[in-house]
Structure formats: C-alpha cells, structure tokens
$ cat target_17.pdb   # PDB, C-alpha atoms and all ligand atoms
ATOM      1  CA  MET A   1       0.000   0.000   0.000  1.00  0.00           C
ATOM      2  CA  HIS A   2       1.105   3.515  -0.729  1.00  0.00           C
ATOM      3  CA  HIS A   3       0.685   6.326   1.744  1.00  0.00           C
ATOM      4  CA  GLU A   4       2.494   9.175   0.097  1.00  0.00           C
ATOM      5  CA  ARG A   5       0.455  12.045   1.423  1.00  0.00           C
ATOM      6  CA  GLY A   6      -1.289  10.467   4.372  1.00  0.00           C
ATOM      7  CA  ILE A   7      -0.804  11.726   7.874  1.00  0.00           C
ATOM      8  CA  LYS A   8       0.863   8.886   9.620  1.00  0.00           C
ATOM      9  CA  MET A   9       1.109   7.918  13.210  1.00  0.00           C
ATOM     10  CA  ARG A  10       4.245   6.095  14.160  1.00  0.00           C
ATOM     11  CA  ILE A  11       5.326   4.346  17.306  1.00  0.00           C
ATOM     12  CA  LYS A  12       7.422   6.700  19.341  1.00  0.00           C
ATOM     13  CA  GLU A  13       7.943   4.405  22.285  1.00  0.00           C
ATOM     14  CA  VAL A  14       6.672   1.028  23.420  1.00  0.00           C
ATOM     15  CA  THR A  15       5.875   1.484  27.078  1.00  0.00           C
ATOM     16  CA  SER A  16       5.017  -2.092  27.948  1.00  0.00           C
ATOM     17  CA  GLN A  17       4.605  -5.393  26.222  1.00  0.00           C
ATOM     18  CA  HIS A  18       3.101  -8.691  27.268  1.00  0.00           C
ATOM     19  CA  ARG A  19       3.671 -11.374  24.675  1.00  0.00           C
ATOM     20  CA  ARG A  20       2.381  -9.699  21.492  1.00  0.00           C
ATOM     21  CA  ASP A  21       0.137  -7.173  23.206  1.00  0.00           C
ATOM     22  CA  PHE A  22       1.778  -3.863  23.832  1.00  0.00           C
ATOM     23  CA  GLN A  23       1.063  -0.347  24.949  1.00  0.00           C
ATOM     24  CA  ALA A  24       2.813   2.391  23.108  1.00  0.00           C
ATOM     25  CA  ILE A  25       3.010   6.093  22.623  1.00  0.00           C
ATOM     26  CA  TYR A  26       2.227   6.957  19.036  1.00  0.00           C
ATOM     27  CA  GLU A  27       3.367  10.199  17.495  1.00  0.00           C
ATOM     28  CA  CYS A  28       1.839  11.998  14.546  1.00  0.00           C
ATOM     29  CA  GLU A  29       4.497  12.645  11.925  1.00  0.00           C
ATOM     30  CA  HIS A  30       2.639  15.766  10.878  1.00  0.00           C
ATOM     31  CA  CYS A  31       1.841  17.713  14.052  1.00  0.00           C
ATOM     32  CA  GLY A  32       3.682  15.778  16.736  1.00  0.00           C
ATOM     33  CA  GLU A  33       0.510  14.915  18.640  1.00  0.00           C
ATOM     34  CA  LEU A  34       1.147  12.063  21.059  1.00  0.00           C
ATOM     35  CA  ARG A  35      -1.388   9.376  21.769  1.00  0.00           C
ATOM     36  CA  LYS A  36      -1.260   6.366  24.058  1.00  0.00           C
ATOM     37  CA  SER A  37      -2.746   3.297  22.531  1.00  0.00           C
ATOM     38  CA  GLY A  38      -2.472  -0.421  22.530  1.00  0.00           C
ATOM     39  CA  GLY A  39      -1.135  -2.565  19.765  1.00  0.00           C
ATOM     40  CA  TYR A  40      -0.534  -6.069  18.652  1.00  0.00           C
ATOM     41  CA  ASP A  41       2.975  -6.959  17.652  1.00  0.00           C
ATOM     42  CA  ASP A  42       2.533  -8.814  14.399  1.00  0.00           C
ATOM     43  CA  ALA A  43       3.221  -8.012  10.761  1.00  0.00           C
ATOM     44  CA  ASN A  44      -0.404  -7.179   9.945  1.00  0.00           C
ATOM     45  CA  PHE A  45      -0.578  -4.604  12.694  1.00  0.00           C
ATOM     46  CA  HIS A  46       2.639  -2.899  11.672  1.00  0.00           C
ATOM     47  CA  GLU A  47       1.963  -3.026   7.942  1.00  0.00           C
ATOM     48  CA  ASN A  48      -1.783  -2.423   7.794  1.00  0.00           C
ATOM     49  CA  VAL A  49      -3.169  -1.090  11.043  1.00  0.00           C
ATOM     50  CA  ILE A  50      -0.644   1.553  12.030  1.00  0.00           C
ATOM     51  CA  PRO A  51      -0.582   3.206   8.572  1.00  0.00           C
ATOM     52  CA  GLU A  52      -4.369   3.586   8.762  1.00  0.00           C
ATOM     53  CA  MET A  53      -4.303   5.300  12.139  1.00  0.00           C
ATOM     54  CA  LYS A  54      -5.390   8.879  12.026  1.00  0.00           C
ATOM     55  CA  CYS A  55      -4.145  11.649  14.182  1.00  0.00           C
ATOM     56  CA  THR A  56      -7.141  13.050  16.047  1.00  0.00           C
ATOM     57  CA  GLU A  57      -5.675  16.546  15.971  1.00  0.00           C
ATOM     58  CA  CYS A  58      -5.039  16.556  12.231  1.00  0.00           C
ATOM     59  CA  ASP A  59      -8.385  14.896  11.662  1.00  0.00           C
ATOM     60  CA  LYS A  60     -10.152  17.746  13.470  1.00  0.00           C
ATOM     61  CA  LYS A  61      -8.394  20.317  11.321  1.00  0.00           C
ATOM     62  CA  ALA A  62      -9.138  18.367   8.163  1.00  0.00           C
ATOM     63  CA  ASP A  63     -12.874  17.893   8.745  1.00  0.00           C
ATOM     64  CA  GLY A  64     -15.376  18.691   6.020  1.00  0.00           C
ATOM     65  CA  SER A  65     -15.303  22.454   6.443  1.00  0.00           C
ATOM     66  CA  TYR A  66     -11.559  22.741   6.071  1.00  0.00           C
ATOM     67  CA  VAL A  67     -10.391  24.765   3.092  1.00  0.00           C
ATOM     68  CA  PRO A  68      -6.667  25.356   2.678  1.00  0.00           C
ATOM     69  CA  ARG A  69      -5.800  29.020   2.812  1.00  0.00           C
ATOM     70  CA  GLU A  70      -4.196  30.607  -0.131  1.00  0.00           C
ATOM     71  CA  THR A  71      -1.114  32.666   0.464  1.00  0.00           C
ATOM     72  CA  LYS A  72      -1.860  36.346   0.925  1.00  0.00           C
ATOM     73  CA  PHE A  73       0.716  37.444  -1.586  1.00  0.00           C
ATOM     74  CA  PRO A  74       1.674  35.628  -4.756  1.00  0.00           C
ATOM     75  CA  GLU A  75       4.837  33.566  -4.704  1.00  0.00           C
ATOM     76  CA  GLY A  76       7.870  35.727  -5.314  1.00  0.00           C
ATOM     77  CA  TYR A  77       5.988  38.990  -4.660  1.00  0.00           C
ATOM     78  CA  GLN A  78       8.161  41.587  -2.945  1.00  0.00           C
ATOM     79  CA  ILE A  79       6.435  42.750   0.220  1.00  0.00           C
TER      80      ILE A  79
HETATM   81 ZN    ZN B   1      -1.393  15.273  13.647  1.00  0.00          ZN
END
$ encode --input "target_17.pdb" --output "structure tokens" --more "lines below"
Ligand SMILES: [Zn+2]
Amino acid sequence: MHHERGIKMRIKEVTSQHRRDFQAIYECEHCGELRKSGGYDDANFHENVIPEMKCTECDKKADGSYVPRETKFPEGYQI
C-alpha cells in the first residue's frame, strides 16, 4: 500500500509489552501529537493497522469544512 500524502502515526515508544500485546506512545508525523494506545505486535498490525491510524488533531483540522488558505501574496511577490 502507498501512503504518500497520508498523515501517519508512528510508534514513538513502546511502554510495555506482554507477549504480542503492547502499549505504546504513538506520534503523529505531521503535528507531533502524542497518543497512548495499545497494539498487537505482528506483521499485519505494523503493515496495515498503524498506517491507517489517524491523528485526532489533524483529523479535526481536516474535517469537512476545512479549506486550505491561499497565500496572501503571490509567490515571489516583494512585500
Ligand atoms: Zn497530527
């Protein structure tokens, strides 16, 4: 799967692990938001589940009403 532009959470730190079940701190690569969550230490989880995780902070900003702002001045314009 390709996630070129997606906002990805990644594991920052595994805080505890019991067999394959673990607790970890996930970090958003985009805004740095930290989230504690559980996980399951197998290939499917790492390859399919983590890449689909959404950052709640970025998700809030990117809800339906979000429209990217245009720059106030054109690129290269001398202010
Ligand atoms: Zn984020």
$ residues_near_ligand --input "target_17.pdb" --ligand "ligand ZN 1 (chain B)" --cutoff "12 Å" --atoms "only C-alpha atoms and all ligand atoms" --output "PyMOL selection string"
chain A and resi 6-10+26-35+53-62
$ axis_aligned_box --input "target_17.pdb" --around "region 48-61 of chain A" --padding-each-side "3 Å" --output "AutoDock Vina command-line options"
--center_x -5.4 --center_y 8.9 --center_z 11.9 --size_x 15.6 --size_y 28.7 --size_z 14.3
$ closest_residue --input "target_17.pdb" --among "A:Ile25, A:Thr15, A:Val49, A:Phe73" --to "Ser37 (chain A)" --atoms "all atoms listed in the file"
A:Ile25
$ resolve_selection --input "target_17.pdb" --expression "the PyMOL selection byres (((chain A and resi 39) around 8) and not hetatm)" --output "JSON, numbers by chain"
{"A": [21, 22, 23, 24, 37, 38, 40, 41, 45]}
$ atom_distance --input "target_17.pdb" --atom1 "CA of Arg20 (chain A)" --atom2 "CA of Asn44 (chain A)"
12.1 Å
$ atom_distance --input "target_17.pdb" --atom1 "CA of Gln17 (chain A)" --atom2 "CA of Glu47 (chain A)"
18.6 Å
$ atom_distance --input "target_17.pdb" --atom1 "CA of Lys12 (chain A)" --atom2 "CA of Asp42 (chain A)"
17.0 Å
$ decode --input "target_17.pdb" --residues "chain A" --atoms "C-alpha atoms" --output "PDB file, in the first residue's frame"
ATOM      1  CA  MET A   1       0.000   0.000   0.000  1.00  0.00           C
ATOM      2  CA  HIS A   2       1.105   3.515  -0.729  1.00  0.00           C
ATOM      3  CA  HIS A   3       0.685   6.326   1.744  1.00  0.00           C
ATOM      4  CA  GLU A   4       2.494   9.175   0.097  1.00  0.00           C
ATOM      5  CA  ARG A   5       0.455  12.045   1.423  1.00  0.00           C
ATOM      6  CA  GLY A   6      -1.289  10.467   4.372  1.00  0.00           C
ATOM      7  CA  ILE A   7      -0.804  11.726   7.874  1.00  0.00           C
ATOM      8  CA  LYS A   8       0.863   8.886   9.620  1.00  0.00           C
ATOM      9  CA  MET A   9       1.109   7.918  13.210  1.00  0.00           C
ATOM     10  CA  ARG A  10       4.245   6.095  14.160  1.00  0.00           C
ATOM     11  CA  ILE A  11       5.326   4.346  17.306  1.00  0.00           C
ATOM     12  CA  LYS A  12       7.422   6.700  19.341  1.00  0.00           C
ATOM     13  CA  GLU A  13       7.943   4.405  22.285  1.00  0.00           C
ATOM     14  CA  VAL A  14       6.672   1.028  23.420  1.00  0.00           C
ATOM     15  CA  THR A  15       5.875   1.484  27.078  1.00  0.00           C
ATOM     16  CA  SER A  16       5.017  -2.092  27.948  1.00  0.00           C
ATOM     17  CA  GLN A  17       4.605  -5.393  26.222  1.00  0.00           C
ATOM     18  CA  HIS A  18       3.101  -8.691  27.268  1.00  0.00           C
ATOM     19  CA  ARG A  19       3.671 -11.374  24.675  1.00  0.00           C
ATOM     20  CA  ARG A  20       2.381  -9.699  21.492  1.00  0.00           C
ATOM     21  CA  ASP A  21       0.137  -7.173  23.206  1.00  0.00           C
ATOM     22  CA  PHE A  22       1.778  -3.863  23.832  1.00  0.00           C
ATOM     23  CA  GLN A  23       1.063  -0.347  24.949  1.00  0.00           C
ATOM     24  CA  ALA A  24       2.813   2.391  23.108  1.00  0.00           C
ATOM     25  CA  ILE A  25       3.010   6.093  22.623  1.00  0.00           C
ATOM     26  CA  TYR A  26       2.227   6.957  19.036  1.00  0.00           C
ATOM     27  CA  GLU A  27       3.367  10.199  17.495  1.00  0.00           C
ATOM     28  CA  CYS A  28       1.839  11.998  14.546  1.00  0.00           C
ATOM     29  CA  GLU A  29       4.497  12.645  11.925  1.00  0.00           C
ATOM     30  CA  HIS A  30       2.639  15.766  10.878  1.00  0.00           C
ATOM     31  CA  CYS A  31       1.841  17.713  14.052  1.00  0.00           C
ATOM     32  CA  GLY A  32       3.682  15.778  16.736  1.00  0.00           C
ATOM     33  CA  GLU A  33       0.510  14.915  18.640  1.00  0.00           C
ATOM     34  CA  LEU A  34       1.147  12.063  21.059  1.00  0.00           C
ATOM     35  CA  ARG A  35      -1.388   9.376  21.769  1.00  0.00           C
ATOM     36  CA  LYS A  36      -1.260   6.366  24.058  1.00  0.00           C
ATOM     37  CA  SER A  37      -2.746   3.297  22.531  1.00  0.00           C
ATOM     38  CA  GLY A  38      -2.472  -0.421  22.530  1.00  0.00           C
ATOM     39  CA  GLY A  39      -1.135  -2.565  19.765  1.00  0.00           C
ATOM     40  CA  TYR A  40      -0.534  -6.069  18.652  1.00  0.00           C
ATOM     41  CA  ASP A  41       2.975  -6.959  17.652  1.00  0.00           C
ATOM     42  CA  ASP A  42       2.533  -8.814  14.399  1.00  0.00           C
ATOM     43  CA  ALA A  43       3.221  -8.012  10.761  1.00  0.00           C
ATOM     44  CA  ASN A  44      -0.404  -7.179   9.945  1.00  0.00           C
ATOM     45  CA  PHE A  45      -0.578  -4.604  12.694  1.00  0.00           C
ATOM     46  CA  HIS A  46       2.639  -2.899  11.672  1.00  0.00           C
ATOM     47  CA  GLU A  47       1.963  -3.026   7.942  1.00  0.00           C
ATOM     48  CA  ASN A  48      -1.783  -2.423   7.794  1.00  0.00           C
ATOM     49  CA  VAL A  49      -3.169  -1.090  11.043  1.00  0.00           C
ATOM     50  CA  ILE A  50      -0.644   1.553  12.030  1.00  0.00           C
ATOM     51  CA  PRO A  51      -0.582   3.206   8.572  1.00  0.00           C
ATOM     52  CA  GLU A  52      -4.369   3.586   8.762  1.00  0.00           C
ATOM     53  CA  MET A  53      -4.303   5.300  12.139  1.00  0.00           C
ATOM     54  CA  LYS A  54      -5.390   8.879  12.026  1.00  0.00           C
ATOM     55  CA  CYS A  55      -4.145  11.649  14.182  1.00  0.00           C
ATOM     56  CA  THR A  56      -7.141  13.050  16.047  1.00  0.00           C
ATOM     57  CA  GLU A  57      -5.675  16.546  15.971  1.00  0.00           C
ATOM     58  CA  CYS A  58      -5.039  16.556  12.231  1.00  0.00           C
ATOM     59  CA  ASP A  59      -8.385  14.896  11.662  1.00  0.00           C
ATOM     60  CA  LYS A  60     -10.152  17.746  13.470  1.00  0.00           C
ATOM     61  CA  LYS A  61      -8.394  20.317  11.321  1.00  0.00           C
ATOM     62  CA  ALA A  62      -9.138  18.367   8.163  1.00  0.00           C
ATOM     63  CA  ASP A  63     -12.874  17.893   8.745  1.00  0.00           C
ATOM     64  CA  GLY A  64     -15.376  18.691   6.020  1.00  0.00           C
ATOM     65  CA  SER A  65     -15.303  22.454   6.443  1.00  0.00           C
ATOM     66  CA  TYR A  66     -11.559  22.741   6.071  1.00  0.00           C
ATOM     67  CA  VAL A  67     -10.391  24.765   3.092  1.00  0.00           C
ATOM     68  CA  PRO A  68      -6.667  25.356   2.678  1.00  0.00           C
ATOM     69  CA  ARG A  69      -5.800  29.020   2.812  1.00  0.00           C
ATOM     70  CA  GLU A  70      -4.196  30.607  -0.131  1.00  0.00           C
ATOM     71  CA  THR A  71      -1.114  32.666   0.464  1.00  0.00           C
ATOM     72  CA  LYS A  72      -1.860  36.346   0.925  1.00  0.00           C
ATOM     73  CA  PHE A  73       0.716  37.444  -1.586  1.00  0.00           C
ATOM     74  CA  PRO A  74       1.674  35.628  -4.756  1.00  0.00           C
ATOM     75  CA  GLU A  75       4.837  33.566  -4.704  1.00  0.00           C
ATOM     76  CA  GLY A  76       7.870  35.727  -5.314  1.00  0.00           C
ATOM     77  CA  TYR A  77       5.988  38.990  -4.660  1.00  0.00           C
ATOM     78  CA  GLN A  78       8.161  41.587  -2.945  1.00  0.00           C
ATOM     79  CA  ILE A  79       6.435  42.750   0.220  1.00  0.00           C
TER      80      ILE A  79
END
